Each structure stands twice: as C-alpha cells, then as structure tokens.
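Colleague: Handing over coords_16.cif, mmCIF, C-alpha atoms.
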```cif
data_protein
#
loop_
_atom_site.label_atom_id
_atom_site.label_comp_id
_atom_site.auth_asym_id
_atom_site.auth_seq_id
_atom_site.Cartn_x
_atom_site.Cartn_y
_atom_site.Cartn_z
CA MET A 628 102.86 -71.50 85.35
CA SER A 629 99.47 -70.87 83.81
CA LYS A 630 98.59 -69.00 86.98
CA ASP A 631 101.57 -66.69 86.41
CA ILE A 632 100.43 -66.04 82.85
CA ARG A 633 96.83 -65.40 83.88
CA GLU A 634 97.76 -63.01 86.68
CA GLY A 635 100.38 -61.23 84.59
CA SER A 636 97.96 -60.61 81.74
CA LYS A 637 95.36 -59.33 84.16
CA ALA A 638 97.84 -56.93 85.76
CA ALA A 639 98.45 -55.41 82.32
CA LEU A 640 94.81 -54.39 81.73
CA PRO A 641 95.19 -50.79 82.97
CA ILE A 642 98.12 -50.46 80.56
CA VAL A 643 95.99 -51.83 77.71
CA LEU A 644 93.47 -49.07 78.36
CA GLY A 645 96.22 -46.53 77.79
CA TYR A 646 98.18 -48.30 75.03
CA LEU A 647 95.25 -48.94 72.67
CA PRO A 648 94.37 -45.28 72.10
CA VAL A 649 97.97 -44.06 72.28
CA GLY A 650 98.99 -46.80 69.83
CA MET A 651 96.18 -45.63 67.56
CA ALA A 652 97.44 -42.06 67.79
CA TYR A 653 100.88 -43.34 66.83
CA GLY A 654 99.42 -45.22 63.84
CA VAL A 655 97.65 -42.08 62.64
CA LEU A 656 100.78 -39.93 62.98
CA ALA A 657 102.97 -42.55 61.30
CA ARG A 658 100.63 -42.65 58.28
CA ALA A 659 100.50 -38.84 58.22
CA ALA A 660 104.31 -38.79 58.22
CA GLY A 661 104.31 -40.88 55.04
CA LEU A 662 104.87 -44.40 56.42
CA SER A 663 102.85 -47.26 54.96
CA THR A 664 100.59 -49.32 57.23
CA LEU A 665 103.16 -52.13 57.14
CA GLU A 666 106.04 -49.78 58.01
CA ALA A 667 104.07 -48.16 60.85
CA THR A 668 103.12 -51.58 62.24
CA GLY A 669 106.64 -52.95 61.74
CA MET A 670 108.07 -50.22 63.92
CA SER A 671 105.67 -51.13 66.75
CA VAL A 672 106.37 -54.86 66.35
CA PHE A 673 110.16 -54.48 66.47
CA VAL A 674 110.89 -51.35 68.48
CA PHE A 675 107.95 -51.28 70.96
CA ALA A 676 108.91 -48.02 72.67
CA GLY A 677 106.17 -45.42 72.38
CA ALA A 678 107.93 -42.13 73.01
CA SER A 679 110.77 -42.94 70.62
CA GLN A 680 108.34 -44.08 67.92
CA PHE A 681 106.43 -40.78 68.07
CA ILE A 682 109.70 -38.89 67.80
CA ALA A 683 110.99 -41.12 64.98
CA VAL A 684 107.90 -40.73 62.78
CA SER A 685 107.83 -36.98 63.29
CA MET A 686 111.52 -36.83 62.30
CA LEU A 687 110.89 -39.03 59.27
CA GLY A 688 107.94 -36.87 58.29
CA ALA A 689 110.24 -33.86 58.40
CA GLY A 690 112.67 -35.64 56.06
CA ALA A 691 115.33 -36.70 58.60
CA ALA A 692 117.96 -39.26 57.53
CA ALA A 693 118.42 -42.69 59.11
CA PHE A 694 121.34 -41.91 61.41
CA PRO A 695 119.80 -38.99 63.38
CA VAL A 696 116.59 -40.99 63.84
CA ILE A 697 118.47 -44.01 65.21
CA LEU A 698 120.73 -41.89 67.43
CA THR A 699 117.73 -40.02 68.86
CA THR A 700 115.97 -43.34 69.49
CA PHE A 701 119.01 -44.54 71.43
CA ILE A 702 119.10 -41.41 73.58
CA VAL A 703 115.36 -41.50 74.27
CA ASN A 704 115.39 -45.19 75.18
CA SER A 705 118.61 -45.23 77.20
CA ARG A 706 116.44 -44.48 80.25
CA HIS A 707 115.47 -48.18 80.24
CA VAL A 708 118.94 -48.91 81.68
CA LEU A 709 117.65 -47.72 85.04
CA MET A 710 114.55 -49.89 84.85
CA THR A 711 116.13 -53.13 83.67
CA SER A 712 118.86 -52.67 86.31
CA ALA A 713 116.20 -52.38 88.97
CA LEU A 714 114.31 -55.41 87.61
CA ALA A 715 117.41 -57.63 87.42
CA ARG A 716 117.45 -58.28 91.16
CA TYR A 717 114.13 -60.15 90.95
CA PHE A 718 115.44 -62.58 88.31
CA LYS A 719 118.76 -63.81 89.68
CA GLY A 720 120.44 -66.36 87.42
CA LEU A 721 117.69 -66.43 84.79
CA PRO A 722 119.01 -68.00 81.54
CA VAL A 723 119.94 -65.54 78.77
CA GLY A 724 117.36 -67.19 76.51
CA LYS A 725 114.68 -65.91 78.89
CA ILE A 726 116.36 -62.58 79.63
CA ILE A 727 116.20 -61.66 75.93
CA PRO A 728 112.39 -61.63 75.53
CA LEU A 729 111.86 -60.45 79.11
CA SER A 730 114.17 -57.42 78.96
CA GLY A 731 113.35 -56.69 75.32
CA GLN A 732 109.80 -55.67 76.17
CA VAL A 733 110.34 -53.51 79.24
CA THR A 734 108.49 -50.19 79.01
CA ASP A 735 107.92 -47.37 81.48
CA GLU A 736 104.41 -48.63 82.07
CA SER A 737 105.10 -52.36 82.45
CA PHE A 738 108.07 -51.58 84.71
CA ALA A 739 105.95 -49.36 86.91
CA VAL A 740 103.09 -51.87 87.14
CA ALA A 741 105.55 -54.67 87.91
CA MET A 742 107.17 -52.63 90.68
CA ALA A 743 103.82 -51.76 92.27
CA ASP A 744 104.01 -55.10 94.08
CA VAL A 745 107.42 -56.76 93.74
CA SER A 746 106.25 -59.84 95.63
CA LEU A 747 104.21 -60.73 92.54
CA VAL A 748 107.24 -60.42 90.25
CA THR A 749 110.05 -61.97 92.29
CA GLY A 750 111.26 -65.14 90.60
CA ARG A 751 108.23 -65.21 88.30
CA PRO A 752 109.54 -64.39 84.81
CA ASN A 753 106.36 -65.77 83.24
CA TYR A 754 104.23 -63.31 85.22
CA LEU A 755 106.25 -60.35 83.94
CA MET A 756 106.42 -61.90 80.46
CA ALA A 757 102.61 -62.19 80.33
CA LEU A 758 102.21 -58.64 81.66
CA GLN A 759 104.55 -57.32 78.98
CA MET A 760 103.16 -59.47 76.16
CA THR A 761 99.64 -58.22 76.90
CA ALA A 762 100.86 -54.63 76.84
CA TYR A 763 102.78 -55.39 73.63
CA GLY A 764 99.71 -56.91 72.01
CA SER A 765 97.63 -53.83 72.77
CA TRP A 766 100.37 -51.49 71.49
CA VAL A 767 100.70 -53.38 68.20
CA SER A 768 96.90 -53.70 67.82
CA GLY A 769 96.44 -50.01 68.54
CA SER A 770 99.11 -49.15 65.97
CA ILE A 771 97.44 -51.27 63.27
CA ILE A 772 93.95 -49.88 64.00
CA GLY A 773 95.35 -46.34 63.99
CA ALA A 774 97.24 -46.84 60.75
CA LEU A 775 94.22 -48.38 59.01
CA PHE A 776 91.23 -46.49 60.40
CA GLY A 777 92.85 -43.80 62.49
CA SER A 778 90.71 -40.96 61.28
CA ILE A 779 87.56 -42.54 62.75
CA ILE A 780 88.37 -41.86 66.41
CA ASP A 781 89.51 -38.52 67.75
CA SER A 782 92.42 -39.38 70.02
CA SER A 783 92.29 -35.98 71.72
CA SER A 784 88.83 -36.76 73.11
CA TYR A 785 87.30 -39.23 75.62
CA GLY A 786 90.00 -38.30 78.12
CA ILE A 787 92.52 -40.32 76.10
CA PRO A 788 95.35 -37.78 76.57
CA PHE A 789 95.03 -38.24 80.33
CA ALA A 790 94.99 -42.08 80.42
CA MET A 791 98.74 -42.59 80.89
CA THR A 792 99.02 -39.72 83.37
CA ALA A 793 96.25 -41.24 85.52
CA LEU A 794 97.99 -44.62 85.41
CA PHE A 795 101.31 -43.07 86.46
CA ILE A 796 99.74 -41.05 89.29
CA CYS A 797 98.19 -44.18 90.81
CA LEU A 798 101.43 -46.15 90.39
CA LEU A 799 103.39 -43.33 92.02
CA VAL A 800 101.02 -43.28 95.00
CA MET A 801 101.45 -47.05 95.36
CA GLN A 802 105.24 -46.69 95.34
CA ILE A 803 105.34 -44.23 98.23
CA ARG A 804 105.82 -46.14 101.46
CA ASN A 805 107.87 -43.85 103.66
CA ARG A 806 109.18 -40.31 104.07
CA VAL A 807 112.32 -40.91 101.98
CA HIS A 808 110.09 -42.02 99.09
CA VAL A 809 108.23 -38.71 99.31
CA ILE A 810 111.50 -36.76 99.23
CA VAL A 811 112.78 -38.84 96.29
CA ALA A 812 109.52 -38.32 94.38
CA VAL A 813 109.48 -34.57 94.90
CA THR A 814 113.18 -34.31 93.99
CA ALA A 815 112.64 -36.30 90.78
CA GLY A 816 109.54 -34.31 89.88
CA VAL A 817 111.11 -30.90 90.45
CA LEU A 818 114.31 -31.90 88.62
CA ALA A 819 112.28 -33.24 85.68
CA LEU A 820 110.22 -30.02 85.50
CA GLY A 821 113.33 -27.88 85.65
CA LEU A 822 115.33 -29.88 83.13
CA GLN A 823 112.68 -30.74 80.55
CA GLY A 824 113.04 -27.43 78.73
CA ILE A 825 116.83 -27.61 78.78
CA LEU A 826 117.62 -31.21 77.85
CA PRO A 827 116.34 -32.68 74.58
CA ASN A 828 115.16 -36.23 73.84
CA ASN A 829 113.81 -37.20 77.26
CA LEU A 830 117.29 -36.90 78.79
CA HIS A 831 115.69 -34.97 81.64
CA LEU A 832 114.04 -38.25 82.71
CA ILE A 833 117.37 -40.01 83.15
CA ILE A 834 119.06 -37.12 84.97
CA ALA A 835 116.04 -36.46 87.21
CA ALA A 836 115.54 -40.13 88.10
CA THR A 837 119.26 -40.72 88.71
CA GLY A 838 119.59 -37.57 90.82
CA ALA A 839 116.53 -38.40 92.89
CA ALA A 840 117.44 -42.06 93.43
CA GLY A 841 120.91 -40.82 94.42
CA THR A 842 119.27 -38.50 96.94
CA GLY A 843 117.38 -41.48 98.34
CA LEU A 844 120.62 -43.43 98.65
CA TRP A 845 122.32 -40.49 100.39
CA LEU A 846 119.46 -40.09 102.88
CA THR A 847 119.48 -43.83 103.59
CA LEU A 848 123.25 -43.91 104.15
CA ARG A 849 123.07 -40.84 106.36
CA ARG A 850 120.38 -42.42 108.50
CA GLU A 851 122.40 -45.61 108.65
CA THR A 852 125.43 -43.69 109.90
CA MET A 853 123.36 -41.84 112.47
CA ASN A 854 121.74 -45.05 113.70
CA GLY A 855 125.08 -46.81 113.66
CA VAL A 856 123.47 -49.91 112.15
CA TRP A 857 122.10 -50.81 108.78
CA SER A 858 118.47 -49.89 108.78
CA GLU A 859 116.21 -52.36 107.06
CA SER A 860 113.22 -50.14 107.64
CA ASN A 861 113.63 -48.31 104.35
CA LYS A 862 112.93 -51.50 102.49
CA GLU A 863 109.28 -51.61 103.28
CA MET B 869 108.21 -51.81 52.86
CA ARG B 870 110.96 -49.47 51.69
CA LEU B 871 114.49 -50.69 52.33
CA GLU B 872 115.52 -47.44 54.03
CA ILE B 873 112.60 -47.61 56.47
CA LEU B 874 113.34 -51.27 57.16
CA LEU B 875 116.96 -50.38 57.99
CA ILE B 876 115.84 -47.51 60.22
CA ILE B 877 113.45 -49.84 62.07
CA LEU B 878 116.18 -52.46 62.51
CA GLY B 879 118.62 -49.80 63.75
CA MET B 880 116.03 -48.47 66.19
CA THR B 881 115.36 -52.04 67.36
CA ALA B 882 119.05 -52.62 68.06
CA VAL B 883 119.65 -49.39 69.98
CA THR B 884 116.42 -49.89 71.96
CA PHE B 885 117.22 -53.50 72.81
CA ILE B 886 120.75 -52.87 74.12
CA PRO B 887 119.86 -50.62 77.09
CA ARG B 888 117.00 -52.97 77.92
CA PHE B 889 118.97 -56.19 77.69
CA LEU B 890 122.50 -55.53 78.97
CA PRO B 891 121.69 -54.31 82.50
CA MET B 892 119.29 -57.19 83.14
CA ALA B 893 121.69 -59.76 81.67
CA PHE B 894 124.64 -58.59 83.76
CA MET B 895 123.01 -57.55 86.98
CA SER B 896 120.98 -60.74 87.31
CA ARG B 897 124.34 -62.56 87.37
CA LEU B 898 126.59 -60.25 89.35
CA LYS B 899 126.63 -59.68 93.06
CA VAL B 900 125.25 -56.14 93.26
CA PRO B 901 126.96 -53.88 95.85
CA LYS B 902 124.69 -52.81 98.69
CA ARG B 903 124.83 -49.11 97.78
CA LEU B 904 123.83 -49.81 94.20
CA SER B 905 121.00 -52.00 95.37
CA VAL B 906 119.70 -49.25 97.70
CA PHE B 907 119.97 -46.79 94.79
CA LEU B 908 117.98 -49.17 92.56
CA GLU B 909 115.26 -49.46 95.19
CA TYR B 910 114.55 -45.77 94.69
CA VAL B 911 114.53 -45.99 90.89
CA PRO B 912 110.82 -46.88 90.47
CA VAL B 913 109.54 -43.99 92.59
CA ALA B 914 112.06 -41.62 90.95
CA VAL B 915 111.18 -42.66 87.39
CA LEU B 916 107.45 -42.38 88.06
CA ALA B 917 107.72 -38.93 89.62
CA ALA B 918 109.92 -37.78 86.71
CA LEU B 919 107.16 -38.91 84.34
CA VAL B 920 104.21 -37.60 86.38
CA PHE B 921 105.28 -34.04 87.24
CA PRO B 922 105.94 -32.86 83.65
CA ALA B 923 102.69 -34.55 82.52
CA VAL B 924 100.64 -32.76 85.21
CA PHE B 925 102.30 -29.34 85.14
CA ALA B 926 102.08 -29.01 81.38
CA ALA B 927 101.00 -26.25 79.05
CA ASP B 928 98.92 -26.95 75.95
CA GLU B 929 101.83 -26.25 73.63
CA GLY B 930 104.23 -28.38 75.68
CA GLY B 931 106.67 -27.37 78.40
CA PHE B 932 105.85 -26.13 81.90
CA GLY B 933 102.41 -24.67 82.49
CA ILE B 934 99.38 -24.58 84.76
CA ASP B 935 96.25 -26.09 83.24
CA PRO B 936 93.23 -26.20 85.60
CA THR B 937 91.65 -29.20 83.80
CA LEU B 938 94.85 -31.19 84.09
CA LEU B 939 95.53 -30.19 87.71
CA LEU B 940 91.99 -30.91 88.87
CA SER B 941 91.90 -34.29 87.09
CA ALA B 942 95.29 -35.16 88.57
CA GLY B 943 94.13 -34.12 92.05
CA ILE B 944 91.03 -36.31 91.85
CA VAL B 945 93.02 -39.31 90.60
CA LEU B 946 95.60 -38.74 93.35
CA LEU B 947 92.90 -38.78 96.03
CA PHE B 948 91.22 -41.84 94.52
CA SER B 949 94.56 -43.69 94.24
CA TYR B 950 95.50 -42.83 97.82
CA LYS B 951 92.19 -44.16 99.14
CA LEU B 952 91.60 -47.18 96.90
CA ARG B 953 94.91 -48.10 95.21
CA ASN B 954 93.10 -49.42 92.17
CA LEU B 955 94.95 -48.95 88.86
CA TRP B 956 92.08 -49.80 86.57
CA GLY B 957 89.74 -47.51 88.47
CA ALA B 958 92.28 -44.68 88.47
CA VAL B 959 92.65 -44.82 84.68
CA VAL B 960 88.90 -44.99 83.98
CA LEU B 961 88.08 -42.27 86.53
CA GLY B 962 90.93 -40.09 85.26
CA MET B 963 89.79 -40.35 81.66
CA ALA B 964 86.16 -39.66 82.59
CA VAL B 965 86.99 -36.64 84.77
CA TYR B 966 89.41 -35.20 82.21
CA TRP B 967 86.91 -35.74 79.41
CA GLY B 968 84.12 -34.15 81.45
CA LEU B 969 86.20 -31.15 82.52
CA SER B 970 87.59 -30.51 79.06
CA SER B 971 84.07 -30.41 77.57
CA PHE B 972 83.31 -27.25 79.53
#
```
Starting from the coordinates I provided, produce the structure as structure tokens.

Modeller:
Amino acid sequence: MSKDIREGSKAALPIVLGYLPVGMAYGVLARAAGLSTLEATGMSVFVFAGASQFIAVSMLGAGAAAFPVILTTFIVNSRHVLMTSALARYFKGLPVGKIIPLSGQVTDESFAVAMADVSLVTGRPNYLMALQMTAYGSWVSGSIIGALFGSIIDSSSYGIPFAMTALFICLLVMQIRNRVHVIVAVTAGVLALGLQGILPNNLHLIIAATGAAGTGLWLTLRRETMNGVWSESNKE
Amino acid sequence: MRLEILLIILGMTAVTFIPRFLPMAFMSRLKVPKRLSVFLEYVPVAVLAALVFPAVFAADEGGFGIDPTLLLSAGIVLLFSYKLRNLWGAVVLGMAVYWGLSSF
C-alpha cells in the first residue's frame, strides 16, 4: 500500500509543476476580484477544478449573482462525466466510501496522467488517490501563495503559461498507440477548434471529445464487421 | 468569510462533485456494454486532443490563431515526447523553450 502511495505521488510531480504557478495565478485573480484570502483558498479546497474557479472569480468580480456562477460551474465541470466513466472500469466494485474521495478529485490532468499507463492504475485506488492528493496539495498551496503574495511572481513569465500545454502534448503522444487513435485525436482537435468560438463554458470540450470517441467506436465496429470477428488489436 | 461566498462555494462544490462521483459510482458496479466500453477507451485520447489543439492554435486575445512562439514550443515538446516519453522533461523543456522564445 505504501508503494502505491509513493508511486502515485511521484507520478503527480509533472502536474505539480503546472498546478503551483496556475494555482498562484488563480489566487492573484481571486484577490483582484474582491475575494478574501480565506474565500479564495476555500474555493480551491472545496471545488478543486481550475477552469471553473477562474471563470467563477471573474464572474464574481464582475458582480454576478450566486445562481449564474453555480450553473456555469456545473456546465464547465460536466465534462468530468466522460473521465470518471472511463476511470470506473479500473475500480470494479470499489466501496462507495472510497469512490467518494477518489472521484471527487478527478481533474483533466490527473485523469490524463492516470490513463498514460492504465496498468499502474488498475485495481490500485491508493495509487490514484495519492496522485490526486499530491495534485490537490499543489493546487491549494499555489492558491494560498497566490492569494497572499501573488504580486511577487509574474505568472506570465518563466514559460508558466505553457506548462499545462506541454504536459498535455506529452500525455497525448503517450496515448496514441494505433491509427484509430490518430484519427480520434485529429477529429477531437479539429472539432474543439471549430466549436470553441461557438459554444460557451468549455462545452466544446464535451462535444468534441464525445464526437471523436464516437468516431473511434464507429471505426472499431466497422473494422470488426469487415474482419467478421471482434478485433482485440485496438486495445493495445 | 462572507455568507454569500460560502454558499456559492458550497453550490459549486455540489455541482462539481456530482458529475465526478455518479459515473464512477454507477459504472464501477454495472456491467458496461461492449460498445460503451470501446467508446470509453477512446475518451482519454479524445479529451487530451480537445484540450491540446485549442491551447496550441491560440491567439493572444483568445480564440483561434497562429502564434509562432506557441507553435514552435509545441513542436519541440511533441518531438521530445515522441522520442523520450518523459512527462517531467516535457514540462520543463516546454517551459524553458517557451520562455526563451517569448523573450525575443
């Protein structure tokens, strides 16, 4: 068990490198939007969903009421449905008491790192828990540092704006194992680019990812029909 | 902490938790149909690509755009990742290259 925790925490380190500065940027923006240090930190402690927190504080800064902020948060974070659905298969029959903390901390980044090598995650809730807790710790720490001393570091420098993108590029490369994966990736990317200006609140992510994964399913089924047998080859 | 902000945070927590919790709670217990399970296998690559493309083909003011610094940094990280598959290295290299290129 301690091995799971050690390995999980270690796997989170590239995320930490991205979360610390981005959490700091969030802390700065939250303070600028009129939240106290405690309120800014509280949001990170309870919500722990970066994109929605940035949107929420900018809405609050512009004087938005509670309901629109909460509704927007729901829409932005509904994309996690896809990720926790995909993760569920690696934790068959896990007690609800463990599902609560495990699912409650799923983020784009921890999901992607976990899926980079599913053999490390399968049946190891403590590995994923440690991965997510480490990411969570860095997000909350970053938020506090940003809220308290945010003005000290310039979060648009040191390549900080590119940290998450670099992480995602490497994770994407690691996910691509066959030709269908390439087609799915390009479909998702093109759909996301095309829809991002049309759909608000990150909805383009859900539509693009669903459409592209659907394309992958269609290609797999078509190949299966043509081969006449279920092809296992797409799995690896 | 102001009461209104506390309520907003609690509301945000609830609506963020539900889409994270429910699918994992149900699908770890149900027998998932084969088609759905094939679909879910493509979710990681699809989600990542949907995050990466808009981040790489982005204009300064948001939205679609071509930014040489961004594209070059992304290209270098892509090559590095393809060769070495090292997450930590990709992030550090990406930040360094982007920082270097944006200083010019």

Colleague: Running the PyMOL selection byres ((chain A) within 6 of (chain B)) on this model by hand, what would come out? Give it as a ChimeraX atom specification.

Modeller: /A:641,666,670,673-674,693,697,701,704-705,707-708,711-713,715-716,718-720,730-731,785-786,789-790,793-794,797,799,802,812,815-816,819-820,832,836,839-840,844

Colleague: Which residues would end up in the selection if the PyMOL selection byres ((chain A and resi 767) around 8) were applied here, given that I need the answer as an mmCIF file with C-alpha atoms, keeping the file's coordinate frame?

Modeller:
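This went into result_38.cif:
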```cif
data_model
loop_
_atom_site.group_PDB
_atom_site.id
_atom_site.type_symbol
_atom_site.label_atom_id
_atom_site.label_comp_id
_atom_site.auth_asym_id
_atom_site.auth_seq_id
_atom_site.Cartn_x
_atom_site.Cartn_y
_atom_site.Cartn_z
ATOM 1 C CA GLY A 650 98.990 -46.800 69.830
ATOM 2 C CA THR A 668 103.120 -51.580 62.240
ATOM 3 C CA SER A 671 105.670 -51.130 66.750
ATOM 4 C CA VAL A 672 106.370 -54.860 66.350
ATOM 5 C CA TYR A 763 102.780 -55.390 73.630
ATOM 6 C CA GLY A 764 99.710 -56.910 72.010
ATOM 7 C CA SER A 765 97.630 -53.830 72.770
ATOM 8 C CA TRP A 766 100.370 -51.490 71.490
ATOM 9 C CA SER A 768 96.900 -53.700 67.820
ATOM 10 C CA GLY A 769 96.440 -50.010 68.540
ATOM 11 C CA SER A 770 99.110 -49.150 65.970
ATOM 12 C CA ILE A 771 97.440 -51.270 63.270
#
```

Colleague: Please report the interatomic distance between CA of Ala638 (chain A) and CA of Ser737 (chain A) in Å with one decimal.

Modeller: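 Computing it gives 9.2 Å between the two atoms.
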
Colleague: Between CA of Gly838 (chain A) and CA of Thr749 (chain A), what is the spacing in Å?

Modeller: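 If I compute the distance from CA of Thr749 (chain A) to CA of Gly838 (chain A), I get 26.2 Å.
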
Colleague: Quick check, in Å to one decimal: how far apart do CA of Thr734 (chain A) and CA of Leu830 (chain A) lie?

Modeller: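 Going from CA of Thr734 (chain A) over to CA of Leu830 (chain A), I get 15.9 Å.
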
Colleague: Residues picked by the PyMOL selection byres ((chain A and resi 684) around 8) here, as JSON, numbers by chain?

Modeller: {"A": [656, 657, 660, 662, 680, 681, 682, 683, 685, 686, 687, 688]}

Colleague: May I ask which of the residues A:Met791, A:Met651, A:Ile632, A:Leu709 is the closest one to Val748 (chain A), counting only C-alpha atoms?

Modeller: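 With only C-alpha atoms as the atom set, the closest residue is A:Ile632.
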
Colleague: Skipping near chain neighbours, those fewer than 3 positions away, what residues fall within 12 Å of Ala741 (chain A) using all atoms listed in the file, listed as an MDAnalysis selection string?

Modeller: (chainID A and resid 634:639 642 710:711 713:714 717 733:738 744:749 751:752 754:759 798 801:802) or (chainID B and resid 912)

Colleague: Could you write out that same residue set with C-alpha atoms as a tab-separated table (two decimals), keeping the file's coordinate frame?

Modeller:
```
chain	number	residue	atom	x	y	z
A	634	GLU	CA	97.76	-63.01	86.68
A	635	GLY	CA	100.38	-61.23	84.59
A	636	SER	CA	97.96	-60.61	81.74
A	637	LYS	CA	95.36	-59.33	84.16
A	638	ALA	CA	97.84	-56.93	85.76
A	639	ALA	CA	98.45	-55.41	82.32
A	642	ILE	CA	98.12	-50.46	80.56
A	710	MET	CA	114.55	-49.89	84.85
A	711	THR	CA	116.13	-53.13	83.67
A	713	ALA	CA	116.20	-52.38	88.97
A	714	LEU	CA	114.31	-55.41	87.61
A	717	TYR	CA	114.13	-60.15	90.95
A	733	VAL	CA	110.34	-53.51	79.24
A	734	THR	CA	108.49	-50.19	79.01
A	735	ASP	CA	107.92	-47.37	81.48
A	736	GLU	CA	104.41	-48.63	82.07
A	737	SER	CA	105.10	-52.36	82.45
A	738	PHE	CA	108.07	-51.58	84.71
A	744	ASP	CA	104.01	-55.10	94.08
A	745	VAL	CA	107.42	-56.76	93.74
A	746	SER	CA	106.25	-59.84	95.63
A	747	LEU	CA	104.21	-60.73	92.54
A	748	VAL	CA	107.24	-60.42	90.25
A	749	THR	CA	110.05	-61.97	92.29
A	751	ARG	CA	108.23	-65.21	88.30
A	752	PRO	CA	109.54	-64.39	84.81
A	754	TYR	CA	104.23	-63.31	85.22
A	755	LEU	CA	106.25	-60.35	83.94
A	756	MET	CA	106.42	-61.90	80.46
A	757	ALA	CA	102.61	-62.19	80.33
A	758	LEU	CA	102.21	-58.64	81.66
A	759	GLN	CA	104.55	-57.32	78.98
A	798	LEU	CA	101.43	-46.15	90.39
A	801	MET	CA	101.45	-47.05	95.36
A	802	GLN	CA	105.24	-46.69	95.34
B	912	PRO	CA	110.82	-46.88	90.47
```

Colleague: Which residue gives the smallest distance to Phe972 (chain B) among B:Leu871, B:Pro936, B:Asp928, B:Pro901, with all atoms listed in the file counted?

Modeller: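 Once distances to Phe972 (chain B) are computed over all atoms listed in the file, the minimum belongs to B:Pro936.
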
Colleague: Once all heavy atoms are restored for region 927-934 of chain B, what would the output be as a PDB file, in the frame of the given file?

Modeller:
```pdb
ATOM      1  N   ALA B 927     101.782 -27.196  79.845  1.00  0.00           N
ATOM      2  CA  ALA B 927     101.000 -26.250  79.050  1.00  0.00           C
ATOM      3  C   ALA B 927     100.504 -26.951  77.795  1.00  0.00           C
ATOM      4  O   ALA B 927     101.009 -28.006  77.429  1.00  0.00           O
ATOM      5  CB  ALA B 927     101.875 -25.053  78.682  1.00  0.00           C
ATOM      6  N   ASP B 928      99.499 -26.354  77.163  1.00  0.00           N
ATOM      7  CA  ASP B 928      98.920 -26.950  75.950  1.00  0.00           C
ATOM      8  C   ASP B 928      99.976 -27.176  74.869  1.00  0.00           C
ATOM      9  O   ASP B 928      99.996 -28.187  74.191  1.00  0.00           O
ATOM     10  CB  ASP B 928      97.828 -26.043  75.375  1.00  0.00           C
ATOM     11  CG  ASP B 928      96.461 -26.438  75.927  1.00  0.00           C
ATOM     12  OD1 ASP B 928      96.388 -27.521  76.541  1.00  0.00           O
ATOM     13  OD2 ASP B 928      95.510 -25.667  75.740  1.00  0.00           O
ATOM     14  N   GLU B 929     100.846 -26.178  74.721  1.00  0.00           N
ATOM     15  CA  GLU B 929     101.830 -26.250  73.630  1.00  0.00           C
ATOM     16  C   GLU B 929     103.118 -26.963  74.054  1.00  0.00           C
ATOM     17  O   GLU B 929     104.135 -26.884  73.382  1.00  0.00           O
ATOM     18  CB  GLU B 929     102.118 -24.847  73.068  1.00  0.00           C
ATOM     19  CG  GLU B 929     102.717 -23.859  74.056  1.00  0.00           C
ATOM     20  CD  GLU B 929     101.666 -23.210  74.972  1.00  0.00           C
ATOM     21  OE1 GLU B 929     100.487 -23.650  74.962  1.00  0.00           O
ATOM     22  OE2 GLU B 929     102.023 -22.276  75.707  1.00  0.00           O
ATOM     23  N   GLY B 930     103.048 -27.665  75.196  1.00  0.00           N
ATOM     24  CA  GLY B 930     104.230 -28.380  75.680  1.00  0.00           C
ATOM     25  C   GLY B 930     105.027 -27.506  76.634  1.00  0.00           C
ATOM     26  O   GLY B 930     104.867 -26.291  76.652  1.00  0.00           O
ATOM     27  N   GLY B 931     105.889 -28.120  77.427  1.00  0.00           N
ATOM     28  CA  GLY B 931     106.670 -27.370  78.400  1.00  0.00           C
ATOM     29  C   GLY B 931     105.880 -27.135  79.671  1.00  0.00           C
ATOM     30  O   GLY B 931     104.750 -27.608  79.825  1.00  0.00           O
ATOM     31  N   PHE B 932     106.470 -26.365  80.600  1.00  0.00           N
ATOM     32  CA  PHE B 932     105.850 -26.130  81.900  1.00  0.00           C
ATOM     33  C   PHE B 932     104.626 -25.217  81.770  1.00  0.00           C
ATOM     34  O   PHE B 932     104.637 -24.267  80.996  1.00  0.00           O
ATOM     35  CB  PHE B 932     106.871 -25.505  82.847  1.00  0.00           C
ATOM     36  CG  PHE B 932     106.314 -25.212  84.205  1.00  0.00           C
ATOM     37  CD1 PHE B 932     106.244 -26.202  85.157  1.00  0.00           C
ATOM     38  CD2 PHE B 932     105.828 -23.944  84.502  1.00  0.00           C
ATOM     39  CE1 PHE B 932     105.712 -25.937  86.412  1.00  0.00           C
ATOM     40  CE2 PHE B 932     105.298 -23.678  85.761  1.00  0.00           C
ATOM     41  CZ  PHE B 932     105.241 -24.673  86.723  1.00  0.00           C
ATOM     42  N   GLY B 933     103.585 -25.530  82.508  1.00  0.00           N
ATOM     43  CA  GLY B 933     102.410 -24.670  82.490  1.00  0.00           C
ATOM     44  C   GLY B 933     101.396 -25.122  83.526  1.00  0.00           C
ATOM     45  O   GLY B 933     101.511 -26.211  84.094  1.00  0.00           O
ATOM     46  N   ILE B 934     100.440 -24.253  83.810  1.00  0.00           N
ATOM     47  CA  ILE B 934      99.380 -24.580  84.760  1.00  0.00           C
ATOM     48  C   ILE B 934      98.073 -24.674  83.963  1.00  0.00           C
ATOM     49  O   ILE B 934      97.650 -23.704  83.344  1.00  0.00           O
ATOM     50  CB  ILE B 934      99.246 -23.487  85.839  1.00  0.00           C
ATOM     51  CG1 ILE B 934     100.536 -23.377  86.668  1.00  0.00           C
ATOM     52  CG2 ILE B 934      98.055 -23.753  86.747  1.00  0.00           C
ATOM     53  CD1 ILE B 934     100.827 -24.533  87.585  1.00  0.00           C
TER      54      ILE B 934
END
```
